[in-house]
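Undergrad: Got a structure for you, input.cif, holding mmCIF, C-alpha atoms.
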```cif
data_coords
loop_
_atom_site.label_atom_id
_atom_site.label_comp_id
_atom_site.auth_asym_id
_atom_site.auth_seq_id
_atom_site.Cartn_x
_atom_site.Cartn_y
_atom_site.Cartn_z
CA ALA A 1 16.96 25.44 -17.39
CA GLN A 2 19.25 25.49 -14.40
CA SER A 3 19.97 28.33 -12.01
CA VAL A 4 21.56 29.12 -8.69
CA ALA A 5 20.66 31.70 -6.08
CA GLN A 6 22.91 32.99 -3.35
CA PRO A 7 20.53 35.09 -1.26
CA GLU A 8 23.20 36.96 0.68
CA ASP A 9 25.59 39.37 -1.00
CA GLN A 10 27.63 39.67 2.16
CA VAL A 11 28.19 37.51 5.24
CA ASN A 12 30.11 38.78 8.26
CA VAL A 13 31.31 36.52 11.06
CA ALA A 14 33.77 36.75 13.91
CA GLU A 15 36.87 34.61 13.86
CA GLY A 16 36.28 31.33 15.64
CA ASN A 17 32.52 31.39 15.08
CA PRO A 18 30.77 29.00 12.71
CA LEU A 19 29.94 30.29 9.25
CA THR A 20 27.24 29.46 6.72
CA VAL A 21 27.01 30.66 3.13
CA LYS A 22 23.65 29.87 1.58
CA CYS A 23 22.85 28.46 -1.85
CA THR A 24 19.65 27.27 -3.46
CA TYR A 25 19.33 25.79 -6.91
CA SER A 26 16.84 24.96 -9.62
CA VAL A 27 17.53 22.21 -12.12
CA SER A 28 15.73 19.59 -14.16
CA GLY A 29 16.99 16.18 -13.27
CA ASN A 30 19.76 15.28 -10.88
CA PRO A 31 21.90 18.20 -9.77
CA TYR A 32 25.65 18.26 -9.56
CA LEU A 33 26.55 21.00 -7.07
CA PHE A 34 29.85 22.79 -6.51
CA TRP A 35 31.40 25.44 -4.29
CA TYR A 36 34.30 27.63 -5.37
CA VAL A 37 36.28 30.39 -3.63
CA GLN A 38 37.87 33.42 -5.25
CA TYR A 39 40.51 35.72 -3.82
CA PRO A 40 40.98 39.23 -5.28
CA ASN A 41 42.09 39.30 -8.91
CA ARG A 42 42.50 35.53 -8.99
CA GLY A 43 40.73 32.64 -10.63
CA LEU A 44 38.24 30.42 -8.82
CA GLN A 45 39.44 27.54 -6.67
CA PHE A 46 37.37 24.41 -6.22
CA LEU A 47 36.29 23.65 -2.64
CA LEU A 48 33.90 20.70 -2.83
CA LYS A 49 31.14 19.06 -4.80
CA TYR A 50 28.04 16.91 -4.40
CA ILE A 51 27.35 14.33 -7.06
CA THR A 52 25.52 11.52 -5.27
CA GLY A 53 25.55 9.62 -1.99
CA ASP A 54 26.05 11.12 1.46
CA ASN A 55 24.31 14.48 1.80
CA LEU A 56 27.17 15.92 3.85
CA VAL A 57 30.20 16.62 1.71
CA LYS A 58 33.60 17.54 3.11
CA GLY A 59 36.06 19.60 1.16
CA SER A 60 39.21 21.69 1.29
CA TYR A 61 40.30 23.96 4.14
CA GLY A 62 37.79 22.50 6.62
CA PHE A 63 34.72 23.45 4.62
CA GLU A 64 31.71 21.21 4.26
CA ALA A 65 28.32 21.48 2.60
CA GLU A 66 24.99 19.80 3.09
CA PHE A 67 22.80 18.78 0.18
CA ASN A 68 19.09 19.07 0.96
CA LYS A 69 16.95 17.81 -1.87
CA SER A 70 13.59 18.81 -0.40
CA GLN A 71 14.74 22.39 0.13
CA THR A 72 16.88 22.42 -3.04
CA SER A 73 19.74 23.84 -1.03
CA PHE A 74 23.47 23.30 -0.78
CA HIS A 75 24.75 25.54 2.02
CA LEU A 76 28.47 25.88 2.68
CA LYS A 77 29.58 25.60 6.30
CA LYS A 78 32.66 25.72 8.48
CA PRO A 79 32.68 25.09 12.24
CA SER A 80 35.27 27.74 13.08
CA ALA A 81 36.00 30.66 10.73
CA LEU A 82 39.47 32.06 10.07
CA VAL A 83 40.35 35.57 8.96
CA SER A 84 42.01 33.95 5.94
CA ASP A 85 38.61 32.55 4.88
CA SER A 86 37.60 36.07 3.85
CA ALA A 87 36.92 35.86 0.11
CA LEU A 88 34.19 35.64 -2.52
CA TYR A 89 32.32 32.33 -2.59
CA PHE A 90 30.41 30.94 -5.55
CA CYS A 91 27.89 28.14 -5.69
CA ALA A 92 27.41 26.39 -9.04
CA VAL A 93 25.12 23.75 -10.49
CA ARG A 94 25.18 21.47 -13.48
CA ALA A 95 22.30 19.22 -14.46
CA GLY A 96 23.29 15.62 -14.87
CA ASN A 97 22.45 15.65 -18.56
CA ASN A 98 23.98 19.04 -19.32
CA ASN A 99 27.45 20.27 -20.14
CA ASP A 100 27.53 23.82 -18.90
CA MET A 101 27.77 25.01 -15.32
CA ARG A 102 25.70 27.86 -13.89
CA PHE A 103 27.06 30.08 -11.15
CA GLY A 104 25.42 32.15 -8.47
CA ALA A 105 26.20 35.85 -8.11
CA GLY A 106 28.61 35.17 -5.27
CA THR A 107 28.68 35.90 -1.54
CA ARG A 108 31.43 37.97 0.00
CA LEU A 109 32.51 36.48 3.30
CA THR A 110 34.30 38.70 5.79
CA VAL A 111 35.78 37.17 8.92
CA LYS A 112 36.75 39.73 11.53
CA PRO A 113 39.42 39.14 14.18
CA ASP B 1 52.92 21.65 -12.90
CA GLY B 2 49.64 21.09 -14.70
CA GLY B 3 47.26 23.94 -14.97
CA ILE B 4 45.63 26.63 -17.04
CA THR B 5 47.53 29.66 -18.22
CA GLN B 6 45.75 32.83 -19.28
CA SER B 7 47.49 35.76 -20.88
CA PRO B 8 47.76 38.63 -20.71
CA LYS B 9 46.74 39.24 -17.11
CA TYR B 10 45.92 42.89 -17.84
CA LEU B 11 44.99 44.34 -21.20
CA PHE B 12 43.96 47.78 -22.31
CA ARG B 13 42.12 48.36 -25.54
CA LYS B 14 40.89 51.33 -27.46
CA GLU B 15 37.30 51.33 -28.63
CA GLY B 16 36.91 49.70 -32.01
CA GLN B 17 39.82 47.30 -31.62
CA ASN B 18 39.63 43.54 -31.49
CA VAL B 19 41.66 41.76 -28.84
CA THR B 20 42.45 38.10 -28.30
CA LEU B 21 42.82 36.51 -24.89
CA SER B 22 44.90 33.37 -24.68
CA CYS B 23 44.03 30.24 -22.71
CA GLU B 24 46.29 27.20 -22.66
CA GLN B 25 45.93 24.06 -20.54
CA ASN B 26 48.21 21.08 -20.04
CA LEU B 27 45.73 19.03 -18.03
CA ASN B 28 44.70 16.96 -21.04
CA HIS B 29 41.12 18.13 -20.51
CA ASP B 30 38.60 17.78 -23.27
CA ALA B 31 36.22 20.58 -22.29
CA MET B 32 37.12 24.24 -22.08
CA TYR B 33 35.06 27.28 -21.12
CA TRP B 34 35.13 31.07 -21.19
CA TYR B 35 33.30 33.07 -18.54
CA ARG B 36 32.90 36.78 -18.01
CA GLN B 37 32.80 38.18 -14.49
CA ASP B 38 31.28 41.53 -13.59
CA PRO B 39 30.83 42.82 -10.04
CA GLY B 40 27.64 41.52 -8.45
CA GLN B 41 26.72 39.34 -11.44
CA GLY B 42 28.72 36.24 -10.86
CA LEU B 43 30.09 34.36 -13.83
CA ARG B 44 28.34 34.32 -17.16
CA LEU B 45 29.13 31.76 -19.82
CA ILE B 46 30.42 33.11 -23.13
CA TYR B 47 31.44 29.98 -25.06
CA TYR B 48 32.36 26.41 -24.32
CA SER B 49 33.95 23.57 -26.24
CA GLN B 50 33.60 19.88 -25.56
CA ILE B 51 36.09 18.67 -28.18
CA VAL B 52 38.54 20.00 -30.72
CA ASN B 53 36.96 21.85 -33.67
CA ASP B 54 33.62 22.15 -31.91
CA PHE B 55 32.20 24.85 -29.66
CA GLN B 56 28.85 26.19 -28.50
CA LYS B 57 27.55 29.62 -27.60
CA GLY B 58 26.79 30.40 -24.01
CA ASP B 59 24.45 33.05 -22.66
CA ILE B 60 26.41 36.10 -23.76
CA ALA B 61 28.25 35.10 -26.95
CA GLU B 62 27.38 38.22 -28.95
CA GLY B 63 30.49 40.24 -29.73
CA TYR B 64 32.84 37.36 -28.97
CA SER B 65 34.42 34.60 -31.05
CA VAL B 66 36.47 31.51 -30.24
CA SER B 67 38.38 28.72 -31.93
CA ARG B 68 39.43 25.27 -30.80
CA GLU B 69 42.05 24.03 -33.23
CA LYS B 70 44.08 22.24 -30.58
CA LYS B 71 43.02 20.41 -27.44
CA GLU B 72 45.30 22.57 -25.32
CA SER B 73 44.19 25.96 -26.58
CA PHE B 74 40.92 27.92 -26.54
CA PRO B 75 41.53 31.59 -27.41
CA LEU B 76 38.78 34.19 -27.03
CA THR B 77 38.51 37.21 -29.31
CA VAL B 78 36.64 40.22 -28.03
CA THR B 79 35.46 42.06 -31.11
CA SER B 80 34.50 45.68 -31.61
CA ALA B 81 30.89 44.50 -31.71
CA GLN B 82 30.98 43.83 -27.97
CA LYS B 83 29.37 46.97 -26.51
CA ASN B 84 30.69 46.75 -22.99
CA PRO B 85 33.84 44.62 -22.99
CA THR B 86 35.47 45.90 -19.82
CA ALA B 87 35.41 42.91 -17.48
CA PHE B 88 37.37 40.11 -15.88
CA TYR B 89 37.58 37.06 -18.17
CA LEU B 90 38.06 33.56 -16.84
CA CYS B 91 39.01 30.44 -18.75
CA ALA B 92 38.32 27.00 -17.33
CA SER B 93 38.61 23.37 -18.29
CA ARG B 94 37.46 19.99 -17.07
CA THR B 95 37.85 16.40 -18.00
CA GLY B 96 35.26 15.24 -20.50
CA GLN B 97 35.23 11.66 -19.32
CA THR B 98 32.18 12.23 -17.13
CA ASN B 99 29.82 15.09 -16.44
CA THR B 100 30.66 15.17 -12.74
CA GLY B 101 34.02 16.87 -12.89
CA GLU B 102 34.74 20.25 -11.40
CA LEU B 103 36.14 23.13 -13.41
CA PHE B 104 39.76 24.17 -13.15
CA PHE B 105 40.23 27.91 -13.64
CA GLY B 106 43.02 30.10 -14.90
CA GLU B 107 44.05 33.27 -13.09
CA GLY B 108 41.97 35.49 -15.32
CA SER B 109 42.53 38.36 -17.74
CA ARG B 110 41.29 41.84 -16.93
CA LEU B 111 40.31 43.81 -20.02
CA THR B 112 39.81 47.55 -19.83
CA VAL B 113 38.51 49.57 -22.75
CA LEU B 114 39.77 53.13 -22.78
#
```
Output the file's structure in the form of structure tokens.
TA:
Amino acid sequence: AQSVAQPEDQVNVAEGNPLTVKCTYSVSGNPYLFWYVQYPNRGLQFLLKYITGDNLVKGSYGFEAEFNKSQTSFHLKKPSALVSDSALYFCAVRAGNNNDMRFGAGTRLTVKP
Amino acid sequence: DGGITQSPKYLFRKEGQNVTLSCEQNLNHDAMYWYRQDPGQGLRLIYYSQIVNDFQKGDIAEGYSVSREKKESFPLTVTSAQKNPTAFYLCASRTGQTNTGELFFGEGSRLTVL
């Protein structure tokens, strides 16, 4: 079975400060890890993914994520937050030998001016 | 432009009625998915299809049905057997060439049961 946990329902940061949105996963076999962002009443937009290789993955809009196998984590980061980054963020995992993708419950990020 | 189109965006239904949500993609993707989103619960998988004329149940398939007669289309029917159908429904697709591809999502359909 595969699962994802996002331990924080809400993250608040000031504009210009670094942000981190946490994600831990559980999967049998090699994990494929993804981050998505959702704006109100919209579908999810893909930000970045880890499949293999370099543990630091860079994605859209200045976001990056670090894969840590020993801690089974895949935290999303950005060096300097923008008010426009305020949205709902989802972490997802797919096992390498599986077809479906499992999502976390989501973390609401609020960036204040 | 290529993408996924869901319709209708908003739908109201009386109890006891079946409704069908449309999902069409022109990305030439093999795999298509239906998720349900409820506040604080993330996305839960209803059904998915890897190829035409084949589909599998997800975690919450009870009260739902799907068909995959064409590669481009994966409609979801919410039946009267679904006890709590009010939710935001998301359709997604991905290439089936490898298992590493990300999902592409439609804009969602919000169903409200009156």
Undergrad: Provide as a ChimeraX atom specification the residues of chain A at most 7 Å from chain B, counting only C-alpha atoms.
TA: /A:32,42-44,51,96,99,103-106
Undergrad: What does the distance between CA of Val52 (chain B) and CA of Asp30 (chain B) come to in Å, to one decimal place?
TA: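 CA of Val52 (chain B) sits 7.8 Å away from CA of Asp30 (chain B).
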Undergrad: How far is it from CA of Asn30 (chain A) to CA of Val93 (chain A), in Å with one decimal?
TA: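 Atom-to-atom, CA of Asn30 (chain A) and CA of Val93 (chain A) are spaced 10.0 Å apart.
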Undergrad: List the neighbours of Thr72 (chain A) out to 10 Å using all atoms listed in the file; skip same-chain residues closer than 6 positions along the sequence, and give me the result as a PyMOL selection string.
TA: chain A and resi 4+23-27+31
Undergrad: Suppose you want the space between CA of Ser80 (chain A) and CA of Asn68 (chain A); what is it in Å?
TA: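 Interatomic distance here is 22.0 Å.
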Undergrad: Can you translate the PyMOL selection byres ((chain A and resi 87) around 9) into the concrete residues it hits in this file, as JSON, numbers by chain?
TA: {"A": [37, 38, 39, 40, 84, 85, 86, 88, 89, 107, 108, 109, 110, 111]}
Undergrad: Can I get the selected residues back with C-alpha atoms, as a PDB file, in the coordinates of the input?
TA:
```pdb
ATOM      1  CA  VAL A  37      36.280  30.390  -3.630  1.00  0.00           C
ATOM      2  CA  GLN A  38      37.870  33.420  -5.250  1.00  0.00           C
ATOM      3  CA  TYR A  39      40.510  35.720  -3.820  1.00  0.00           C
ATOM      4  CA  PRO A  40      40.980  39.230  -5.280  1.00  0.00           C
ATOM      5  CA  SER A  84      42.010  33.950   5.940  1.00  0.00           C
ATOM      6  CA  ASP A  85      38.610  32.550   4.880  1.00  0.00           C
ATOM      7  CA  SER A  86      37.600  36.070   3.850  1.00  0.00           C
ATOM      8  CA  LEU A  88      34.190  35.640  -2.520  1.00  0.00           C
ATOM      9  CA  TYR A  89      32.320  32.330  -2.590  1.00  0.00           C
ATOM     10  CA  THR A 107      28.680  35.900  -1.540  1.00  0.00           C
ATOM     11  CA  ARG A 108      31.430  37.970   0.000  1.00  0.00           C
ATOM     12  CA  LEU A 109      32.510  36.480   3.300  1.00  0.00           C
ATOM     13  CA  THR A 110      34.300  38.700   5.790  1.00  0.00           C
ATOM     14  CA  VAL A 111      35.780  37.170   8.920  1.00  0.00           C
TER      15      VAL A 111
END
```
Undergrad: So what does the PyMOL selection byres ((chain A and resi 77) around 6) actually pick up in this one, as number ranges by chain?
TA: A: 19-20, 63-65, 76, 78
Undergrad: Which of these, B:Gly3, B:Lys57, B:Tyr10, B:Asn28, has the shortest distance to Lys70 (chain B) once you count only C-alpha atoms?
TA: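 Nearest candidate to Lys70 (chain B) out of B:Gly3, B:Lys57, B:Tyr10, B:Asn28: B:Asn28.
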Undergrad: Determine the nearest neighbour of Arg102 (chain A) from the options A:Lys22, A:Gln10, A:Leu56, A:Leu33, counting all atoms listed in the file.
TA: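 Residue with the minimum atom-to-atom distance to Arg102 (chain A): A:Leu33.
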Undergrad: Give me the residues within 9 Å of Asp54 (chain A) as a PyMOL selection string, counting all atoms listed in the file and dropping any in the same chain fewer than 3 places off.
TA: chain A and resi 50+57+66-67
Undergrad: Near Gln17 (chain B), within 7 Å and counting all atoms listed in the file, which residues show up once chain neighbours fewer than 2 positions away are dropped, as a PDB file with C-alpha atoms, in the frame of the given file?
TA:
```pdb
ATOM      1  CA  ARG B  13      42.120  48.360 -25.540  1.00  0.00           C
ATOM      2  CA  LYS B  14      40.890  51.330 -27.460  1.00  0.00           C
ATOM      3  CA  GLU B  15      37.300  51.330 -28.630  1.00  0.00           C
ATOM      4  CA  VAL B  19      41.660  41.760 -28.840  1.00  0.00           C
ATOM      5  CA  THR B  79      35.460  42.060 -31.110  1.00  0.00           C
ATOM      6  CA  SER B  80      34.500  45.680 -31.610  1.00  0.00           C
TER       7      SER B  80
END
```
Undergrad: Which one of B:Thr77, B:Ser93, B:Ser7, B:Asn53 sits closest to Thr20 (chain B) if you count all atoms listed in the file?
TA: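 Checking each candidate against Thr20 (chain B), we get B:Thr77 as the closest.
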Undergrad: Out of A:Leu48, A:Phe74, A:Tyr61, A:Ala81, which residue has the shortest atom-to-atom distance to Pro18 (chain A) when counting all atoms listed in the file?
TA: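 The shortest atom-to-atom distance to Pro18 (chain A) comes from A:Ala81.
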Undergrad: If the PyMOL selection byres ((chain A and resi 46) around 6) is run on the structure shown, which residues does it catch, given as a PyMOL selection string?
TA: chain A and resi 36+45+47
